[in-house]
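The file input_20.pdb contains PDB, C-alpha atoms:
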ATOM      1  CA  MET Z   1     -37.739 -36.968 -12.072  1.00  0.00           C
ATOM      2  CA  THR Z   2     -34.162 -36.938 -11.031  1.00  0.00           C
ATOM      3  CA  GLY Z   3     -34.305 -33.947  -8.664  1.00  0.00           C
ATOM      4  CA  TYR Z   4     -33.002 -31.632 -11.332  1.00  0.00           C
ATOM      5  CA  ILE Z   5     -34.596 -28.194 -11.458  1.00  0.00           C
ATOM      6  CA  ALA Z   6     -34.802 -26.929 -15.015  1.00  0.00           C
ATOM      7  CA  GLY Z   7     -32.571 -23.948 -15.748  1.00  0.00           C
ATOM      8  CA  SER Z   8     -30.672 -23.956 -12.463  1.00  0.00           C
ATOM      9  CA  MET Z   9     -27.754 -26.141 -13.316  1.00  0.00           C
ATOM     10  CA  ASN Z  10     -26.405 -28.189 -16.191  1.00  0.00           C
ATOM     11  CA  GLY Z  11     -24.241 -31.247 -15.836  1.00  0.00           C
ATOM     12  CA  ASN Z  12     -21.075 -29.414 -14.685  1.00  0.00           C
ATOM     13  CA  GLY Z  13     -22.694 -26.560 -12.677  1.00  0.00           C
ATOM     14  CA  ASP Z  14     -21.821 -23.582 -14.955  1.00  0.00           C
ATOM     15  CA  ASP Z  15     -25.112 -21.728 -14.445  1.00  0.00           C
ATOM     16  CA  MET Z  16     -24.495 -21.336 -10.711  1.00  0.00           C
ATOM     17  CA  GLN Z  17     -21.101 -19.707 -11.302  1.00  0.00           C
ATOM     18  CA  LYS Z  18     -22.307 -17.122 -13.835  1.00  0.00           C
ATOM     19  CA  PRO Z  19     -24.038 -14.843 -11.292  1.00  0.00           C
ATOM     20  CA  ALA Z  20     -20.928 -14.968  -9.081  1.00  0.00           C
ATOM     21  CA  ARG Z  21     -18.741 -14.046 -12.072  1.00  0.00           C
ATOM     22  CA  LYS Z  22     -21.023 -11.116 -12.909  1.00  0.00           C
ATOM     23  CA  ILE Z  23     -20.774  -9.787  -9.365  1.00  0.00           C
ATOM     24  CA  HIS Z  24     -16.986 -10.142  -9.395  1.00  0.00           C
ATOM     25  CA  MET Z  25     -16.720  -8.355 -12.735  1.00  0.00           C
ATOM     26  CA  ILE Z  26     -18.963  -5.508 -11.529  1.00  0.00           C
ATOM     27  CA  LEU Z  27     -16.889  -5.120  -8.362  1.00  0.00           C
ATOM     28  CA  LEU Z  28     -13.638  -5.196 -10.336  1.00  0.00           C
ATOM     29  CA  GLY Z  29     -14.982  -2.596 -12.795  1.00  0.00           C
ATOM     30  CA  THR Z  30     -16.109  -0.349  -9.927  1.00  0.00           C
ATOM     31  CA  ILE Z  31     -12.697  -0.558  -8.260  1.00  0.00           C
ATOM     32  CA  ILE Z  32     -10.937   0.286 -11.532  1.00  0.00           C
ATOM     33  CA  ILE Z  33     -13.206   3.302 -12.086  1.00  0.00           C
ATOM     34  CA  LEU Z  34     -12.618   4.551  -8.527  1.00  0.00           C
ATOM     35  CA  VAL Z  35      -8.845   4.216  -8.956  1.00  0.00           C
ATOM     36  CA  ILE Z  36      -8.982   6.171 -12.233  1.00  0.00           C
ATOM     37  CA  ILE Z  37     -11.055   8.932 -10.609  1.00  0.00           C
ATOM     38  CA  PHE Z  38      -8.641   9.121  -7.673  1.00  0.00           C
ATOM     39  CA  ILE Z  39      -5.603   9.348  -9.966  1.00  0.00           C
ATOM     40  CA  ASN Z  40      -7.216  12.062 -12.111  1.00  0.00           C
ATOM     41  CA  SER Z  41      -8.203  14.138  -9.088  1.00  0.00           C
ATOM     42  CA  SER Z  42      -4.731  13.902  -7.542  1.00  0.00           C
ATOM     43  CA  LEU Z  43      -3.028  14.768 -10.852  1.00  0.00           C
ATOM     44  CA  GLY Z  44      -5.444  17.667 -11.322  1.00  0.00           C
ATOM     45  CA  GLY Z  45      -4.186  19.194  -8.078  1.00  0.00           C
ATOM     46  CA  ILE Z  46      -0.585  18.881  -9.196  1.00  0.00           C
ATOM     47  CA  GLY Z  47      -1.361  20.382 -12.584  1.00  0.00           C
ATOM     48  CA  GLY Z  48      -3.231  23.230 -10.877  1.00  0.00           C
ATOM     49  CA  GLU Z  49      -0.149  24.122  -8.866  1.00  0.00           C
ATOM     50  CA  LYS Z  50       1.948  24.080 -12.023  1.00  0.00           C
ATOM     51  CA  GLY Z  51      -0.570  26.345 -13.728  1.00  0.00           C
ATOM     52  CA  LYS Z  52      -0.440  28.814 -10.844  1.00  0.00           C
ATOM     53  CA  LYS Z  53       3.373  28.939 -11.017  1.00  0.00           C
ATOM     54  CA  GLU Z  54       3.288  29.593 -14.751  1.00  0.00           C
ATOM     55  CA  GLU Z  55       0.643  32.269 -14.241  1.00  0.00           C
ATOM     56  CA  SER Z  56       2.679  34.057 -11.555  1.00  0.00           C
ATOM     57  CA  GLN Z  57       5.743  33.964 -13.842  1.00  0.00           C
ATOM     58  CA  GLN Z  58       3.681  35.512 -16.620  1.00  0.00           C
ATOM     59  CA  PHE Z  59       2.486  38.290 -14.294  1.00  0.00           C
ATOM     60  CA  ALA Z  60       6.081  38.942 -13.181  1.00  0.00           C
ATOM     61  CA  ALA Z  61       7.069  39.214 -16.836  1.00  0.00           C
ATOM     62  CA  LEU Z  62       4.161  41.639 -17.347  1.00  0.00           C
ATOM     63  CA  GLU Z  63       5.452  43.814 -14.483  1.00  0.00           C
ATOM     64  CA  GLU Z  64       8.922  43.869 -16.068  1.00  0.00           C
ATOM     65  CA  ALA Z  65       7.466  44.799 -19.457  1.00  0.00           C
ATOM     66  CA  LEU Z  66       5.438  47.641 -17.942  1.00  0.00           C
ATOM     67  CA  MET Z  67       8.577  49.031 -16.263  1.00  0.00           C
ATOM     68  CA  LYS Z  68      10.240  49.279 -19.674  1.00  0.00           C
ATOM     69  CA  ILE Z  69       7.606  51.723 -20.959  1.00  0.00           C
ATOM     70  CA  GLU Z  70       8.945  55.258 -21.247  1.00  0.00           C
ATOM     71  CA  GLY Z  71       7.773  57.426 -18.343  1.00  0.00           C
ATOM     72  CA  VAL Z  72       6.938  54.458 -16.121  1.00  0.00           C
ATOM     73  CA  GLY Z  73       9.198  53.544 -13.229  1.00  0.00           C
ATOM     74  CA  GLU Z  74       8.638  50.900 -10.578  1.00  0.00           C
ATOM     75  CA  VAL Z  75       5.300  49.052 -10.763  1.00  0.00           C
ATOM     76  CA  SER Z  76       3.321  46.665  -8.563  1.00  0.00           C
ATOM     77  CA  LEU Z  77       0.428  44.595  -9.868  1.00  0.00           C
ATOM     78  CA  TYR Z  78      -2.359  43.216  -7.691  1.00  0.00           C
ATOM     79  CA  PHE Z  79      -4.983  40.876  -9.113  1.00  0.00           C
ATOM     80  CA  HIS Z  80      -8.553  40.314  -7.957  1.00  0.00           C
ATOM     81  CA  TYR Z  81     -10.116  36.943  -8.704  1.00  0.00           C
ATOM     82  CA  ASP Z  82     -13.737  35.849  -8.563  1.00  0.00           C
ATOM     83  CA  SER Z  83     -14.291  33.788  -5.428  1.00  0.00           C
ATOM     84  CA  GLY Z  84     -16.630  31.465  -7.328  1.00  0.00           C
ATOM     85  CA  GLU Z  85     -19.315  31.588  -4.648  1.00  0.00           C
ATOM     86  CA  THR Z  86     -22.869  32.068  -5.813  1.00  0.00           C
ATOM     87  CA  VAL Z  87     -25.829  33.155  -3.739  1.00  0.00           C
ATOM     88  CA  SER Z  88     -28.240  30.679  -5.296  1.00  0.00           C
ATOM     89  CA  PRO Z  89     -27.751  27.657  -7.523  1.00  0.00           C
ATOM     90  CA  LEU Z  90     -30.369  29.141  -9.857  1.00  0.00           C
ATOM     91  CA  SER Z  91     -28.653  32.542 -10.124  1.00  0.00           C
ATOM     92  CA  ASP Z  92     -26.577  31.388 -13.119  1.00  0.00           C
ATOM     93  CA  TYR Z  93     -29.646  29.884 -14.755  1.00  0.00           C
ATOM     94  CA  PHE Z  94     -31.596  33.144 -14.725  1.00  0.00           C
ATOM     95  CA  SER Z  95     -28.651  35.422 -15.623  1.00  0.00           C
ATOM     96  CA  LEU Z  96     -28.352  36.910 -19.087  1.00  0.00           C
ATOM     97  CA  SER Z  97     -24.816  35.592 -19.545  1.00  0.00           C
ATOM     98  CA  SER Z  98     -24.178  32.409 -21.469  1.00  0.00           C
ATOM     99  CA  GLY Z  99     -22.653  30.684 -18.469  1.00  0.00           C
ATOM    100  CA  ALA Z 100     -19.305  30.365 -20.205  1.00  0.00           C
ATOM    101  CA  GLU Z 101     -17.546  32.447 -17.571  1.00  0.00           C
ATOM    102  CA  LYS Z 102     -14.826  30.726 -15.596  1.00  0.00           C
ATOM    103  CA  LYS Z 103     -15.348  30.534 -11.874  1.00  0.00           C
ATOM    104  CA  GLY Z 104     -12.356  31.927 -10.030  1.00  0.00           C
ATOM    105  CA  GLY Z 105     -11.259  33.949 -13.069  1.00  0.00           C
ATOM    106  CA  LEU Z 106      -9.513  37.304 -13.076  1.00  0.00           C
ATOM    107  CA  ILE Z 107     -12.048  40.112 -12.683  1.00  0.00           C
ATOM    108  CA  GLY Z 108      -9.908  43.129 -11.865  1.00  0.00           C
ATOM    109  CA  VAL Z 109      -6.387  44.481 -11.550  1.00  0.00           C
ATOM    110  CA  LEU Z 110      -4.747  47.252  -9.537  1.00  0.00           C
ATOM    111  CA  LEU Z 111      -1.545  48.781 -10.883  1.00  0.00           C
ATOM    112  CA  ILE Z 112       0.527  51.030  -8.654  1.00  0.00           C
ATOM    113  CA  ALA Z 113       3.104  52.763 -10.817  1.00  0.00           C
ATOM    114  CA  GLU Z 114       5.660  55.536 -10.699  1.00  0.00           C
ATOM    115  CA  GLY Z 115       4.783  58.018 -13.400  1.00  0.00           C
ATOM    116  CA  ALA Z 116       1.045  57.411 -13.126  1.00  0.00           C
ATOM    117  CA  GLU Z 117       0.507  61.062 -12.164  1.00  0.00           C
ATOM    118  CA  ASP Z 118       0.721  61.834 -15.912  1.00  0.00           C
ATOM    119  CA  TYR Z 119      -2.720  61.211 -17.433  1.00  0.00           C
ATOM    120  CA  ALA Z 120      -1.292  60.199 -20.811  1.00  0.00           C
ATOM    121  CA  ILE Z 121       0.822  57.469 -19.185  1.00  0.00           C
ATOM    122  CA  ARG Z 122      -2.116  56.393 -17.036  1.00  0.00           C
ATOM    123  CA  ASN Z 123      -4.371  56.063 -20.096  1.00  0.00           C
ATOM    124  CA  GLU Z 124      -1.696  54.150 -22.009  1.00  0.00           C
ATOM    125  CA  LEU Z 125      -1.188  51.731 -19.084  1.00  0.00           C
ATOM    126  CA  SER Z 126      -4.944  51.225 -18.798  1.00  0.00           C
ATOM    127  CA  ARG Z 127      -5.242  50.474 -22.512  1.00  0.00           C
ATOM    128  CA  ILE Z 128      -2.290  48.048 -22.417  1.00  0.00           C
ATOM    129  CA  LEU Z 129      -3.496  46.133 -19.350  1.00  0.00           C
ATOM    130  CA  SER Z 130      -7.026  45.954 -20.714  1.00  0.00           C
ATOM    131  CA  SER Z 131      -5.745  44.417 -23.942  1.00  0.00           C
ATOM    132  CA  VAL Z 132      -3.222  42.037 -22.404  1.00  0.00           C
ATOM    133  CA  LEU Z 133      -5.430  40.746 -19.591  1.00  0.00           C
ATOM    134  CA  GLN Z 134      -8.647  40.722 -21.679  1.00  0.00           C
ATOM    135  CA  LEU Z 135     -10.448  42.936 -19.145  1.00  0.00           C
ATOM    136  CA  PRO Z 136     -12.676  45.929 -19.774  1.00  0.00           C
ATOM    137  CA  GLU Z 137     -10.929  49.218 -18.944  1.00  0.00           C
ATOM    138  CA  HIS Z 138     -13.268  49.913 -16.017  1.00  0.00           C
ATOM    139  CA  ARG Z 139     -11.798  46.792 -14.324  1.00  0.00           C
ATOM    140  CA  VAL Z 140      -8.271  48.253 -14.445  1.00  0.00           C
ATOM    141  CA  VAL Z 141      -7.358  50.691 -11.663  1.00  0.00           C
ATOM    142  CA  ILE Z 142      -4.111  52.641 -11.908  1.00  0.00           C
ATOM    143  CA  VAL Z 143      -2.769  54.825  -9.100  1.00  0.00           C
ATOM    144  CA  GLU Z 144       0.423  56.742  -8.552  1.00  0.00           C
ATOM    145  CA  MET Z 145       3.139  55.112  -6.456  1.00  0.00           C
ATOM    146  CA  LYS Z 146       4.128  56.938  -3.296  1.00  0.00           C
ATOM    147  CA  LYS Z 147       7.517  58.588  -3.689  1.00  0.00           C
ATOM    148  CA  ARG Z 148      10.172  57.633  -1.147  1.00  0.00           C
ATOM    149  CA  GLY Z 149      13.416  59.370  -0.206  1.00  0.00           C
ATOM    150  CA  ASN Z 150      15.156  62.173  -2.056  1.00  0.00           C
ATOM    151  CA  MET Z 151      14.110  62.830  -5.603  1.00  0.00           C
ATOM    152  CA  ASN Z 152      17.373  64.589  -6.469  1.00  0.00           C
ATOM    153  CA  GLU Z 153      20.427  62.309  -6.452  1.00  0.00           C
ATOM    154  CA  ASN Z 154      22.831  65.245  -5.915  1.00  0.00           C
ATOM    155  CA  GLU Z 155      21.444  66.103  -2.452  1.00  0.00           C
TER     156      GLU Z 155
END

As structure tokens, please, write out the structure in this file.
Amino acid sequence: MTGYIAGSMNGNGDDMQKPARKIHMILLGTIIILVIIFINSSLGGIGGEKGKKEESQQFAALEEALMKIEGVGEVSLYFHYDSGETVSPLSDYFSLSSGAEKKGGLIGVLLIAEGAEDYAIRNELSRILSSVLQLPEHRVVIVEMKKRGNMNENE
């Protein structure tokens, strides 16, 4: 015997380098995956901010559109979002819903509007907001705006 252990090394020593190459490739792959995850999570935060800006611009446009309705004056919209906190991790599992609800989604709206003392206008605003925001009408609250100053411009 020449001191050669079968299967451990051939004439130029390639078998000993293969396990080292495998370890290097695994480490390189892990680093690449971690970098990709980090980039996606940091871009997700930036995209989330952009989405919030677009959403606030849409709600401002909604306020302007509501002010253009005949009989409606100044309006203020306030939105209530789901906090996304659950009491138990199994609460969603045992609920009757399909689980397709978005966490942190819009669950209610308060509209304070001039002209809301008229029930016909109030009902029309409730119907419009329910349709536009995809909320049931019981999630839309409309109250009359407090009047300020003189109502008659001639005084």

Could you state which residues are captured by the PyMOL selection byres ((chain Z and resi 62) around 12) in this file, as a CSV table (one decimal) with C-alpha atoms, in the coordinates of the input?
chain,number,residue,atom,x,y,z
Z,55,GLU,CA,0.6,32.3,-14.2
Z,56,SER,CA,2.7,34.1,-11.6
Z,57,GLN,CA,5.7,34.0,-13.8
Z,58,GLN,CA,3.7,35.5,-16.6
Z,59,PHE,CA,2.5,38.3,-14.3
Z,60,ALA,CA,6.1,38.9,-13.2
Z,61,ALA,CA,7.1,39.2,-16.8
Z,63,GLU,CA,5.5,43.8,-14.5
Z,64,GLU,CA,8.9,43.9,-16.1
Z,65,ALA,CA,7.5,44.8,-19.5
Z,66,LEU,CA,5.4,47.6,-17.9
Z,67,MET,CA,8.6,49.0,-16.3
Z,68,LYS,CA,10.2,49.3,-19.7
Z,69,ILE,CA,7.6,51.7,-21.0
Z,75,VAL,CA,5.3,49.1,-10.8
Z,76,SER,CA,3.3,46.7,-8.6
Z,77,LEU,CA,0.4,44.6,-9.9
Z,78,TYR,CA,-2.4,43.2,-7.7
Z,111,LEU,CA,-1.5,48.8,-10.9
Z,125,LEU,CA,-1.2,51.7,-19.1
Z,128,ILE,CA,-2.3,48.0,-22.4
Z,129,LEU,CA,-3.5,46.1,-19.4
Z,132,VAL,CA,-3.2,42.0,-22.4
Z,133,LEU,CA,-5.4,40.7,-19.6

*atom CA of Arg122 of chain Z to atom CA of Gly105 of chain Z: how many Å, to one decimal?*
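Rounded to one decimal, the two atoms are 24.6 Å apart.
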
*Using the chain letters and numbers from the file, which residues does the PyMOL selection byres ((chain Z and resi 117) around 12) grab, as a list in words?*
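With the shown file as input, the PyMOL selection byres ((chain Z and resi 117) around 12) matches Gly71, Val72, Gly73, Ile112, Ala113, Glu114, Gly115, Ala116, Asp118, Tyr119, Ala120, Ile121, Arg122, Asn123, Leu125, Ile142, Val143, Glu144, Met145, Lys146 and Lys147 of chain Z.
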
*Could you work out how far atom CA of Asp82 of chain Z lies from atom CA of Ser41 of chain Z, giving the answer in Å with one decimal?*
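Taking atom CA of Ser41 of chain Z and atom CA of Asp82 of chain Z, their separation equals 22.4 Å.
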
_Separation of atom CA of Glu137 of chain Z from atom CA of Glu74 of chain Z in Å_ =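 Computing it gives 21.3 Å between the two atoms.
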